[in-house]
Each structure stands twice: as C-alpha cells, then as structure tokens.
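The structure file protein18.tsv is reproduced below (TSV, C-alpha atoms).
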chain	number	residue	atom	x	y	z
A	1	MET	CA	0.00	0.00	0.00
A	2	ALA	CA	2.38	2.62	-1.21
A	3	ASN	CA	1.84	6.28	-0.58
A	4	ASP	CA	0.88	8.57	-3.38
A	5	SER	CA	3.48	11.27	-3.84
A	6	SER	CA	0.91	13.88	-4.89
A	7	GLY	CA	0.27	16.84	-2.59
A	8	ASN	CA	-3.40	15.92	-2.85
A	9	ASP	CA	-2.74	12.45	-1.45
A	10	PRO	CA	-5.58	11.38	0.88
A	11	LYS	CA	-3.17	9.55	3.22
A	12	SER	CA	-1.04	12.64	3.83
A	13	ILE	CA	-4.14	14.84	4.13
A	14	TRP	CA	-5.48	12.43	6.74
A	15	GLN	CA	-2.27	11.92	8.68
A	16	SER	CA	-1.28	15.58	8.80
A	17	GLN	CA	-4.51	16.82	10.37
A	18	PRO	CA	-3.97	19.14	13.36
A	19	ARG	CA	-4.25	17.70	16.89
A	20	GLY	CA	-6.62	19.11	19.45
A	21	ILE	CA	-4.75	20.58	22.42
A	22	SER	CA	-5.52	18.60	25.55
A	23	THR	CA	-4.32	19.48	29.01
A	24	VAL	CA	-6.34	16.75	30.71
A	25	THR	CA	-4.34	14.33	32.86
A	26	LEU	CA	-5.21	10.65	33.08
A	27	GLU	CA	-6.57	10.98	36.60
A	28	LYS	CA	-8.71	14.01	35.74
A	29	MET	CA	-10.03	12.35	32.60
A	30	ILE	CA	-10.96	9.14	34.43
A	31	ARG	CA	-12.67	11.03	37.24
A	32	ARG	CA	-14.59	13.17	34.72
A	33	ARG	CA	-15.65	10.17	32.61
A	34	ALA	CA	-16.65	8.12	35.63
A	35	GLY	CA	-18.83	11.01	36.85
A	36	LYS	CA	-20.34	11.38	33.41
A	37	LEU	CA	-21.05	7.65	33.12
A	38	HIS	CA	-22.69	7.67	36.53
A	39	ARG	CA	-24.95	10.61	35.59
A	40	LYS	CA	-25.76	8.97	32.26
A	41	ALA	CA	-26.67	5.69	33.97
A	42	ILE	CA	-29.02	7.54	36.35
A	43	ARG	CA	-30.60	9.44	33.43
A	44	GLU	CA	-31.09	6.20	31.48
A	45	ARG	CA	-32.64	4.48	34.49
A	46	LEU	CA	-35.00	7.38	35.12
A	47	GLY	CA	-35.86	7.48	31.41
A	48	SER	CA	-36.62	3.77	31.32
A	49	ILE	CA	-38.97	3.90	34.31
A	50	ALA	CA	-40.77	7.14	33.35
A	51	GLY	CA	-43.14	5.44	30.87
A	52	PRO	CA	-44.06	2.47	33.12
A	53	LEU	CA	-44.51	4.83	36.12
A	54	CYS	CA	-46.98	7.01	34.16
A	55	THR	CA	-48.85	3.84	33.15
A	56	VAL	CA	-49.01	2.69	36.79
A	57	ALA	CA	-50.31	6.11	37.93
A	58	PHE	CA	-52.89	6.21	35.15
A	59	SER	CA	-54.01	2.62	35.84
A	60	VAL	CA	-54.36	3.22	39.60
A	61	PHE	CA	-56.51	6.24	38.74
A	62	GLY	CA	-58.47	3.97	36.37
A	63	ILE	CA	-58.93	1.29	39.06
A	64	ALA	CA	-60.45	3.93	41.38
A	65	LEU	CA	-62.98	4.88	38.67
A	66	ALA	CA	-63.56	1.41	37.16
A	67	TYR	CA	-67.17	0.32	37.07
A	68	ASN	CA	-66.95	-3.14	35.54
A	69	PRO	CA	-64.78	-6.20	36.37
A	70	MET	CA	-63.29	-6.42	32.87
A	71	GLN	CA	-62.04	-2.84	33.11
A	72	LEU	CA	-60.67	-3.49	36.60
A	73	ALA	CA	-58.81	-6.60	35.38
A	74	ALA	CA	-57.33	-4.71	32.42
A	75	PHE	CA	-56.00	-1.93	34.68
A	76	ALA	CA	-54.59	-4.49	37.13
A	77	ILE	CA	-52.80	-6.27	34.26
A	78	ALA	CA	-51.42	-2.93	33.04
A	79	VAL	CA	-50.05	-2.19	36.54
A	80	ALA	CA	-48.45	-5.63	36.89
A	81	TRP	CA	-47.05	-5.45	33.34
A	82	SER	CA	-45.52	-2.00	33.94
A	83	VAL	CA	-43.97	-3.01	37.27
A	84	ALA	CA	-42.45	-6.08	35.60
A	85	GLY	CA	-41.28	-3.78	32.78
A	86	MET	CA	-39.44	-1.51	35.24
A	87	TYR	CA	-37.62	-4.54	36.61
A	88	VAL	CA	-36.75	-6.01	33.20
A	89	LEU	CA	-35.59	-2.69	31.71
A	90	ASN	CA	-33.26	-2.01	34.62
A	91	ARG	CA	-31.48	-5.34	34.62
A	92	GLY	CA	-27.81	-4.86	33.69
A	93	THR	CA	-26.31	-1.86	31.98
A	94	TRP	CA	-24.48	-1.56	28.70
A	95	GLN	CA	-21.65	0.65	29.97
A	96	GLY	CA	-20.17	-1.93	32.31
A	97	ARG	CA	-19.13	-4.39	29.64
A	98	LEU	CA	-18.17	-2.09	26.75
A	99	ALA	CA	-14.40	-2.00	27.40
A	100	GLU	CA	-13.83	-5.74	27.48
A	101	ASP	CA	-16.21	-6.44	24.59
A	102	ALA	CA	-14.58	-3.74	22.49
A	103	ALA	CA	-11.10	-5.13	23.03
A	104	LEU	CA	-11.81	-8.81	22.53
A	105	ALA	CA	-14.18	-8.57	19.56
A	106	THR	CA	-13.27	-7.82	15.97
A	107	GLY	CA	-15.15	-5.10	14.12
A	108	VAL	CA	-17.57	-7.56	12.51
A	109	GLU	CA	-18.36	-9.29	15.81
A	110	PHE	CA	-18.74	-6.05	17.71
A	111	CYS	CA	-20.99	-4.38	15.11
A	112	ARG	CA	-23.20	-7.48	15.10
A	113	ARG	CA	-23.48	-7.43	18.90
A	114	GLU	CA	-24.32	-3.73	18.98
A	115	ILE	CA	-26.97	-4.07	16.26
A	116	GLU	CA	-28.49	-7.13	17.94
A	117	ARG	CA	-28.53	-5.13	21.15
A	118	GLY	CA	-30.36	-2.33	19.30
A	119	ILE	CA	-32.99	-4.83	18.08
A	120	TYR	CA	-33.34	-6.20	21.62
A	121	VAL	CA	-33.86	-2.69	23.04
A	122	GLN	CA	-36.54	-1.95	20.40
A	123	ARG	CA	-38.36	-5.16	21.27
A	124	GLN	CA	-38.11	-4.55	25.00
A	125	PHE	CA	-39.51	-1.05	24.60
A	126	LEU	CA	-42.52	-2.27	22.61
A	127	LEU	CA	-43.18	-5.13	24.99
A	128	TRP	CA	-42.63	-3.49	28.38
A	129	VAL	CA	-43.40	0.22	27.86
A	130	PHE	CA	-45.56	0.67	24.80
A	131	ALA	CA	-47.94	-2.29	25.19
A	132	PRO	CA	-49.00	-1.56	28.85
A	133	ILE	CA	-49.66	2.11	27.95
A	134	VAL	CA	-51.90	1.06	25.08
A	135	LEU	CA	-53.67	-1.49	27.28
A	136	ALA	CA	-54.34	1.06	30.05
A	137	VAL	CA	-55.67	3.69	27.66
A	138	CYS	CA	-57.84	1.15	25.83
A	139	ALA	CA	-59.20	-0.08	29.19
A	140	PHE	CA	-60.14	3.50	30.00
A	141	VAL	CA	-61.70	4.42	26.66
A	142	ALA	CA	-63.32	1.17	25.46
A	143	PRO	CA	-66.29	1.03	27.94
A	144	HIS	CA	-67.11	4.67	27.17
A	145	LEU	CA	-66.99	4.05	23.43
A	146	ALA	CA	-69.19	0.98	23.89
A	147	SER	CA	-71.79	3.03	25.71
A	148	GLY	CA	-71.83	5.65	22.94
A	149	LEU	CA	-69.85	8.44	24.69
A	150	ARG	CA	-72.66	9.47	27.05
A	151	ASP	CA	-70.08	10.85	29.46
A	152	ARG	CA	-69.70	14.54	28.41
A	153	ALA	CA	-66.29	14.92	30.06
A	154	LEU	CA	-64.96	12.04	28.02
A	155	ALA	CA	-66.58	13.38	24.86
A	156	LYS	CA	-64.61	16.60	25.42
A	157	SER	CA	-61.38	14.67	25.66
A	158	ILE	CA	-61.76	13.19	22.16
A	159	PRO	CA	-59.01	15.51	20.73
A	160	PHE	CA	-56.60	14.20	23.39
A	161	PHE	CA	-57.38	10.59	22.60
A	162	SER	CA	-57.14	11.29	18.86
A	163	LEU	CA	-53.65	12.72	19.39
A	164	PHE	CA	-52.77	9.77	21.58
A	165	THR	CA	-53.89	7.36	18.85
A	166	LEU	CA	-51.80	9.27	16.30
A	167	TRP	CA	-48.77	9.11	18.64
A	168	VAL	CA	-49.26	5.35	19.09
A	169	ILE	CA	-49.43	4.77	15.33
A	170	LEU	CA	-46.43	7.02	14.52
A	171	LEU	CA	-44.31	5.57	17.30
A	172	PHE	CA	-45.11	2.07	16.18
A	173	VAL	CA	-44.33	2.86	12.53
A	174	PHE	CA	-40.99	4.56	13.40
A	175	ARG	CA	-39.94	1.73	15.69
A	176	ARG	CA	-40.86	-0.82	13.00
A	177	LEU	CA	-38.80	1.07	10.39
A	178	ARG	CA	-35.80	1.26	12.73
A	179	TRP	CA	-36.20	-2.43	13.49
A	180	LYS	CA	-36.24	-3.23	9.74
A	181	GLU	CA	-33.10	-1.13	9.17
A	182	LEU	CA	-31.30	-3.01	11.92
A	183	ARG	CA	-32.44	-6.37	10.50
A	184	CYS	CA	-31.03	-5.35	7.07
A	185	GLU	CA	-27.71	-4.52	8.70
A	186	ILE	CA	-27.63	-7.92	10.38
A	187	GLU	CA	-28.28	-9.52	6.97
A	188	GLU	CA	-25.34	-7.57	5.51
A	189	LEU	CA	-23.08	-8.74	8.33
A	190	ASN	CA	-24.25	-12.32	7.68
A	191	ASP	CA	-23.21	-11.92	4.03
A	192	ILE	CA	-19.81	-10.56	5.09
A	193	GLU	CA	-19.29	-13.52	7.42
A	194	LYS	CA	-20.27	-15.91	4.62
A	195	GLU	CA	-17.71	-14.22	2.35
A	196	ASN	CA	-15.11	-14.59	5.11
A	197	LYS	CA	-15.69	-18.34	5.29
A	198	LEU	CA	-15.30	-18.86	1.53
B	1	MET	CA	1.50	3.37	38.52
B	2	ASP	CA	0.27	-0.18	37.92
B	3	GLU	CA	0.75	-2.28	34.79
B	4	SER	CA	-2.51	-1.27	33.09
B	5	ASP	CA	-1.79	2.44	33.67
B	6	ARG	CA	1.66	1.98	32.17
B	7	LEU	CA	0.23	0.14	29.14
B	8	TYR	CA	-2.34	2.88	28.70
B	9	SER	CA	0.29	5.64	28.92
B	10	ASP	CA	2.49	3.87	26.36
B	11	ALA	CA	-0.49	3.45	24.04
B	12	VAL	CA	-1.41	7.12	24.31
B	13	ALA	CA	2.17	8.19	23.63
B	14	LYS	CA	2.26	6.00	20.52
B	15	TYR	CA	-1.29	6.25	19.18
B	16	GLY	CA	-2.73	9.38	20.80
B	17	SER	CA	-2.82	11.42	17.60
B	18	ALA	CA	-4.13	8.44	15.58
B	19	LEU	CA	-7.01	8.12	18.04
B	20	GLU	CA	-7.95	11.76	17.51
B	21	ARG	CA	-7.88	11.26	13.75
B	22	LEU	CA	-10.00	8.13	14.14
B	23	ALA	CA	-12.65	10.06	16.09
B	24	ARG	CA	-12.94	12.49	13.18
B	25	ALA	CA	-14.04	9.60	10.98
B	26	TYR	CA	-16.94	8.82	13.30
B	27	GLU	CA	-18.18	12.20	14.51
B	28	ALA	CA	-18.54	15.43	12.54
B	29	ASP	CA	-19.54	17.68	15.43
B	30	ALA	CA	-16.46	19.07	17.23
B	31	ASP	CA	-17.93	18.97	20.77
B	32	LYS	CA	-19.29	15.46	20.38
B	33	ARG	CA	-15.96	14.43	18.87
B	34	ARG	CA	-14.06	15.69	21.93
B	35	ASP	CA	-16.45	13.65	24.01
B	36	LEU	CA	-15.91	10.60	21.83
B	37	VAL	CA	-12.11	10.92	22.12
B	38	GLN	CA	-12.48	10.96	25.91
B	39	GLU	CA	-14.79	7.96	25.81
B	40	ILE	CA	-12.24	6.07	23.69
B	41	HIS	CA	-9.47	6.93	26.17
B	42	PHE	CA	-11.59	5.90	29.13
B	43	GLN	CA	-12.59	2.55	27.62
B	44	LEU	CA	-9.02	1.98	26.50
B	45	TRP	CA	-7.72	2.58	30.02
B	46	ARG	CA	-10.34	0.17	31.41
B	47	SER	CA	-9.65	-2.43	28.73
B	48	PHE	CA	-5.94	-2.61	29.59
B	49	GLN	CA	-6.86	-4.16	32.93
B	50	ARG	CA	-7.66	-7.27	30.87
B	51	PHE	CA	-4.85	-7.06	28.33
B	52	ASP	CA	-3.36	-10.54	27.94
B	53	ALA	CA	-1.03	-10.02	24.96
B	54	ARG	CA	-3.19	-12.35	22.86
B	55	CYS	CA	-2.83	-9.75	20.12
B	56	SER	CA	-0.41	-6.85	19.66
B	57	ALA	CA	-0.95	-3.63	21.62
B	58	ARG	CA	-1.61	-1.83	18.34
B	59	THR	CA	-4.42	-4.23	17.36
B	60	TRP	CA	-5.84	-3.94	20.88
B	61	VAL	CA	-5.81	-0.12	20.81
B	62	TYR	CA	-7.39	0.10	17.36
B	63	ARG	CA	-10.01	-2.53	18.15
B	64	VAL	CA	-11.12	-0.71	21.28
B	65	ALA	CA	-11.08	2.67	19.55
B	66	HIS	CA	-12.95	1.54	16.42
B	67	ASN	CA	-15.49	-0.48	18.38
B	68	VAL	CA	-16.22	2.31	20.87
B	69	ALA	CA	-16.62	4.71	17.95
B	70	ALA	CA	-18.80	2.24	16.01
B	71	SER	CA	-21.00	1.85	19.07
B	72	HIS	CA	-21.28	5.65	19.20
B	73	VAL	CA	-22.41	5.74	15.53
B	74	ILE	CA	-24.93	2.92	15.98
B	75	ARG	CA	-26.41	4.50	19.11
B	76	GLU	CA	-26.52	8.08	17.82
B	77	ARG	CA	-27.98	7.22	14.44
B	78	ARG	CA	-31.52	8.32	13.75
B	79	THR	CA	-34.11	6.60	11.57
B	80	PHE	CA	-33.80	7.59	7.88
B	81	THR	CA	-30.11	8.53	8.25
B	82	GLN	CA	-28.76	6.32	5.53
B	83	LEU	CA	-25.17	5.17	5.72
B	84	VAL	CA	-23.71	3.51	2.64
B	85	SER	CA	-21.27	0.70	1.99
B	86	LEU	CA	-18.06	1.17	-0.02
B	87	GLU	CA	-19.77	-0.55	-2.95
B	88	GLU	CA	-22.64	1.97	-2.88
B	89	LEU	CA	-20.26	4.89	-2.39
B	90	GLU	CA	-18.33	3.80	-5.46
B	91	ARG	CA	-21.54	4.11	-7.48
B	92	LEU	CA	-22.46	7.57	-6.15
B	93	PRO	CA	-21.87	10.48	-8.51
B	94	ASP	CA	-18.65	12.37	-7.84
B	95	GLN	CA	-19.40	15.44	-5.70
B	96	ALA	CA	-15.85	16.59	-5.25
B	97	THR	CA	-14.21	19.82	-6.29
B	98	PHE	CA	-10.52	20.43	-5.84
B	99	ALA	CA	-9.51	22.63	-2.95
B	100	ALA	CA	-6.01	24.07	-2.63
B	101	ASP	CA	-6.50	24.41	1.10
B	102	ASP	CA	-5.52	21.38	3.24
B	103	HIS	CA	-8.26	22.06	5.75
B	104	MET	CA	-10.92	21.94	3.03
B	105	ASN	CA	-9.51	18.71	1.68
B	106	LEU	CA	-9.55	17.21	5.18
B	107	GLU	CA	-13.18	18.29	5.61
B	108	ARG	CA	-14.03	16.67	2.28
B	109	LEU	CA	-12.24	13.46	3.17
B	110	SER	CA	-13.92	13.35	6.59
B	111	ALA	CA	-17.35	13.95	5.06
B	112	LEU	CA	-16.71	11.12	2.62
B	113	ILE	CA	-15.74	8.71	5.42
B	114	GLN	CA	-18.70	9.75	7.59
B	115	LYS	CA	-21.10	8.58	4.86
B	116	LEU	CA	-19.91	5.01	5.35
B	117	LYS	CA	-21.18	2.20	7.56
B	118	PRO	CA	-19.02	1.56	10.67
B	119	LEU	CA	-17.27	-1.53	9.34
B	120	ASP	CA	-16.23	0.19	6.11
B	121	ARG	CA	-15.06	3.20	8.13
B	122	GLN	CA	-12.77	0.87	10.06
B	123	VAL	CA	-11.23	-0.31	6.78
B	124	ILE	CA	-10.80	3.13	5.22
B	125	VAL	CA	-9.35	4.68	8.40
B	126	SER	CA	-6.92	1.78	8.78
B	127	TYR	CA	-5.93	2.19	5.13
B	128	LEU	CA	-5.38	5.92	5.60
B	129	GLU	CA	-3.26	5.14	8.67
B	130	ASP	CA	-1.02	3.09	6.36
B	131	MET	CA	-1.84	-0.33	7.76
B	132	ASP	CA	-1.36	-3.45	5.69
B	133	ALA	CA	-4.15	-5.89	4.80
B	134	ALA	CA	-3.19	-8.35	7.57
B	135	ALA	CA	-3.44	-5.67	10.28
B	136	ILE	CA	-6.77	-4.42	8.88
B	137	GLY	CA	-8.06	-8.01	8.90
B	138	GLU	CA	-6.98	-8.51	12.50
B	139	ILE	CA	-8.84	-5.38	13.63
B	140	THR	CA	-11.99	-5.80	11.59
B	141	GLY	CA	-12.27	-9.60	11.45
B	142	LEU	CA	-12.55	-9.50	7.64
B	143	SER	CA	-10.80	-12.11	5.52
B	144	PRO	CA	-7.68	-11.07	3.53
B	145	ALA	CA	-9.69	-11.32	0.27
B	146	SER	CA	-12.46	-9.15	1.67
B	147	VAL	CA	-9.94	-6.56	2.92
B	148	ALA	CA	-8.17	-6.56	-0.47
B	149	MET	CA	-11.47	-6.01	-2.29
B	150	ARG	CA	-12.40	-3.15	0.03
B	151	VAL	CA	-8.99	-1.50	-0.23
B	152	HIS	CA	-9.26	-1.68	-4.00
B	153	ARG	CA	-12.63	0.10	-3.82
B	154	ILE	CA	-11.22	2.69	-1.42
B	155	LYS	CA	-8.36	3.44	-3.82
B	156	ASN	CA	-10.84	3.92	-6.68
B	157	ILE	CA	-13.08	6.20	-4.65
B	158	LEU	CA	-10.21	8.30	-3.31
B	159	ALA	CA	-8.67	8.57	-6.77
B	160	ARG	CA	-11.95	9.83	-8.15
B	161	TRP	CA	-12.59	12.27	-5.32
B	162	PHE	CA	-9.09	13.66	-5.03
B	163	HIS	CA	-7.05	13.18	-8.18
B	164	GLU	CA	-9.81	13.95	-10.68
B	165	GLY	CA	-10.63	17.00	-8.56
B	166	GLU	CA	-7.00	18.05	-8.77
B	167	ASP	CA	-7.20	17.99	-12.57
B	168	HIS	CA	-10.23	20.29	-12.52
B	169	GLY	CA	-8.38	22.69	-10.27
B	170	LYS	CA	-5.37	23.00	-12.54
Have the structure of the file written as structure tokens, please.
Amino acid sequence: MANDSSGNDPKSIWQSQPRGISTVTLEKMIRRRAGKLHRKAIRERLGSIAGPLCTVAFSVFGIALAYNPMQLAAFAIAVAWSVAGMYVLNRGTWQGRLAEDAALATGVEFCRREIERGIYVQRQFLLWVFAPIVLAVCAFVAPHLASGLRDRALAKSIPFFSLFTLWVILLFVFRRLRWKELRCEIEELNDIEKENKL
Amino acid sequence: MDESDRLYSDAVAKYGSALERLARAYEADADKRRDLVQEIHFQLWRSFQRFDARCSARTWVYRVAHNVAASHVIRERRTFTQLVSLEELERLPDQATFAADDHMNLERLSALIQKLKPLDRQVIVSYLEDMDAAAIGEITGLSPASVAMRVHRIKNILARWFHEGEDHGK
C-alpha cells in the first residue's frame, strides 16, 4: 500500500490533520468520565422507568374509577405489566461491559453485537413500555366508546385521545422502520461472514 | 502506577494522535468528537486491565477505539439517516471539487468517510493510517480477500474524489 506522492494524497491529508490541544491528565479524565457515566446511567434508568410509572399512575386512577370487572382486570394487568417492565428494563447496563467487549471482539463481531442489542432494546420497549400504555388507555376508553360516549367529560377529551392514537401509530411505525433497518444490517453482516468463510 | 496504567500511557504516547484522527471519521460535530475521544481513552484505560497479549498492543488499541466509535455511531444514528457501503459509495456520482486548502480537503475526506457504515469506516481509516491488509483483517475480522477487495474500492473512490478534482483545479 504505497503512498501517493501527490500533494493531494488522501493519506497525507489524513495523517497531517492538526491535533486538538488537551491538558487533561489521566486521573482528571478518568474522574470526569466516571462522573459522566454515573450521571448517564441515572438518566437512562429514570428514562426507562418514566413510561411504566406514568402507566401505573394512570391505571391506579383507572382502578379507582372502574365500574366493571373487565375494566378493573385490564388496569390491574397494566399495573403488573408496567412493574415487571421496570424490573426487566433495569437489569444490567451496557456501559459496564463495553471496554472488554470492544477489546476482545473484531469489528464484525462487535458491530453485530451492537446491532443485535439495538434490536433487543426496540423489542423490550414495545413489549414493556408501549404495550401496557396502550392497554391502560384502551381499558379507559373502550367502555365509554361501547356506551356511545354518554359521558360529556370524556366526549370533550376526544381531541386528546385522537392525538394519543396518532402518537401510538407514529411511534409504532418509526420503531418498525428502525427495526427493519437493523435487520437489514444484520443480513449484511451475515453476508460478510459468509464471504469470510469462503 | 500499575501495569494497566503503564500500558495505557504507552499506548497514548504512541497512538494518541491516531485516536484523535480516528474520532474524526466517526463524529462530525467538534464537541461530540471531543467527548468521543475521551470515551475512547476511558474505555481503552479500562480495557488494559484485561490485556493478555493475545494480540499486539496496536491491534488492541485500534479494536477498542474503532469499536467504541462504532458503538457511538450505531447509538446516535436516527431513523432515515442512511449510511452507505463502499460498494454503494463507489456508485455515487462524484461530488468533489478540488480545494487548494488542506483544511478543506480534510473536511471533504472526513465527510466522505462519515457517509460510510461503521465496518467500512474501520477499513478506510486503517488504510489511511497506512496499515497493511493483515493488520486491517486482524482489527476488523474481515478475511484477507475481503480486505483486499475493500482496499481496491477505497483506492478507486479516493482517486476519483481527489485526483480527478486536482485535474479540474489545474
């Protein structure tokens, strides 16, 4: 792989790029990164329980107002589902194992693991956050719809529920698209691994 | 200073500037790039606690750096942000114009690399860092034939983007 002698040679352009000036010592950098990682982990944990917590609050409110056993059961399932979701979503963190994985895996292996992890996160979100929210809202709205919206307060909240329905559909579509993209990337990595074996 | 700290310090002395260049291939935004460089250093320092000389220190450093950066790209990517493979990039129409200024050329080269999928970025950055096919294969996990094919494509793309541009500028 000889170097091109031209002044417009990409290798020399790349290798002669200016360095950023850094005055950070190893100790300072480690302390700063550790603090940042800790804050990020807390943010991620709070983020992952925010959805299920809202569902629990909404369902408890629904249980207090429920007037038929089916509705009561649906809210109870939504509460149990969300609580289980909080537990599942908080098991293990990604940050802890990055360094060793990154060092021991080749690029192909590591990219595959990260993409598979992305697919897993998408699936977990749909299963443990999205589905209980939809169940709780359906449990709230369905009996009123069945009785022909006689409740005036609920009739007034139709715009809110329309927006909620739109959000559910859009979120689902976006997540599906992202999931498909990730699946395509896994297929490409499969092809690369097949090529490697030939 | 324990053994892992010493290994880390040696690695930074040897590959510190290469790690900064590598970060440029994965992140266009200067602030996020600074953050990425720090993340690479942090993960590298942690990884050396498990260094067992199964591969060379250079392979170890580049694997950690590329993989941390690839993880950053995969996590930060939004839906509809299409990254392309080298094969697709080779088919894209040439968008380059020759710039006499080194900084402009570097920006162009970086933009070109940032269009690529993480695995192809690993190959092109390793090529630009003057590594041979065996070293690129060890870092990426690609077979020698696959590396050779990708390097061939990279040479074609770079020739089109830089040398043809140079002709227009003359």
Practice prompt. Counting all atoms listed in the file, collect the residues of chain A whose closest atom lies at most 7 Å from chain B, and write them out as a VMD selection string.
Written response: chain A and resid 1 8 10 to 11 13 to 15 19 30 33 99 to 100 102 to 103 106 to 108 110 114 178 196
Practice prompt. Kindly give the distance, in Å, that separates CA of Glu90 in chain B and CA of Ile157 in chain B, rounded to a single decimal.
Written response: 5.8 Å
Item to complete: Might you pull out every residue within 12 Å of Val84 in chain B, with all atoms listed in the file counted and same-chain residues fewer than 3 positions away left off, and present them as a PyMOL selection string?
Response: (chain A and resi 185+188) or (chain B and resi 81+87-92+112-121)
Discussion item. Using all atoms listed in the file for the distances, tell me which of B:Ala23, B:Ala135, B:Ile124, B:Leu83 is nearest to His152 in chain B.
Written reply: B:Ile124
Discussion item. I'd like to know which of A:Phe140, A:Ala41, A:Ala131, A:Pro52 is closest to Ala64 in chain A, using all atoms listed in the file.
Written reply: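 Of A:Phe140, A:Ala41, A:Ala131, A:Pro52, the one nearest Ala64 in chain A, counting all atoms listed in the file, is A:Phe140.
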Worksheet item: Expressed in Å to a single decimal, how great is the separation between CA of Ile133 in chain A and CA of Gly51 in chain A?
Response: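 Atom-to-atom, CA of Ile133 in chain A to CA of Gly51 in chain A, that is 7.9 Å.
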List the spatial neighbours of Glu44 in chain A as a tab-separated table (two decimals) with C-alpha atoms, keeping the file's coordinate frame - criterion: any atom at most 10 Å away, only C-alpha atoms, same-chain residues fewer than 5 positions off excluded.
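Output contents, as saved in out-v3.tsv:
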chain	number	residue	atom	x	y	z
A	38	HIS	CA	-22.69	7.67	36.53
A	39	ARG	CA	-24.95	10.61	35.59
A	49	ILE	CA	-38.97	3.90	34.31
A	50	ALA	CA	-40.77	7.14	33.35
A	89	LEU	CA	-35.59	-2.69	31.71
A	90	ASN	CA	-33.26	-2.01	34.62
A	93	THR	CA	-26.31	-1.86	31.98
Fill in: Atom-to-atom span, CA of Pro143 in chain A and CA of Phe161 in chain A, Å
14.1 Å
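If you measure from each of B:Arg150, B:Lys32, B:Ala111, B:Asp52 to Ser4 in chain B using only C-alpha atoms, the closest one turns out to be B:Asp52.
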Quick one: axis-aligned box around all listed atoms of range 147-150 of chain B, 5 Å on every side, centre and edge lengths in Å to one decimal, written as lines of an AutoDock Vina configuration file.
center_x = -10.3
center_y = -4.9
center_z = 0.3
size_x = 14.2
size_y = 13.4
size_z = 15.2
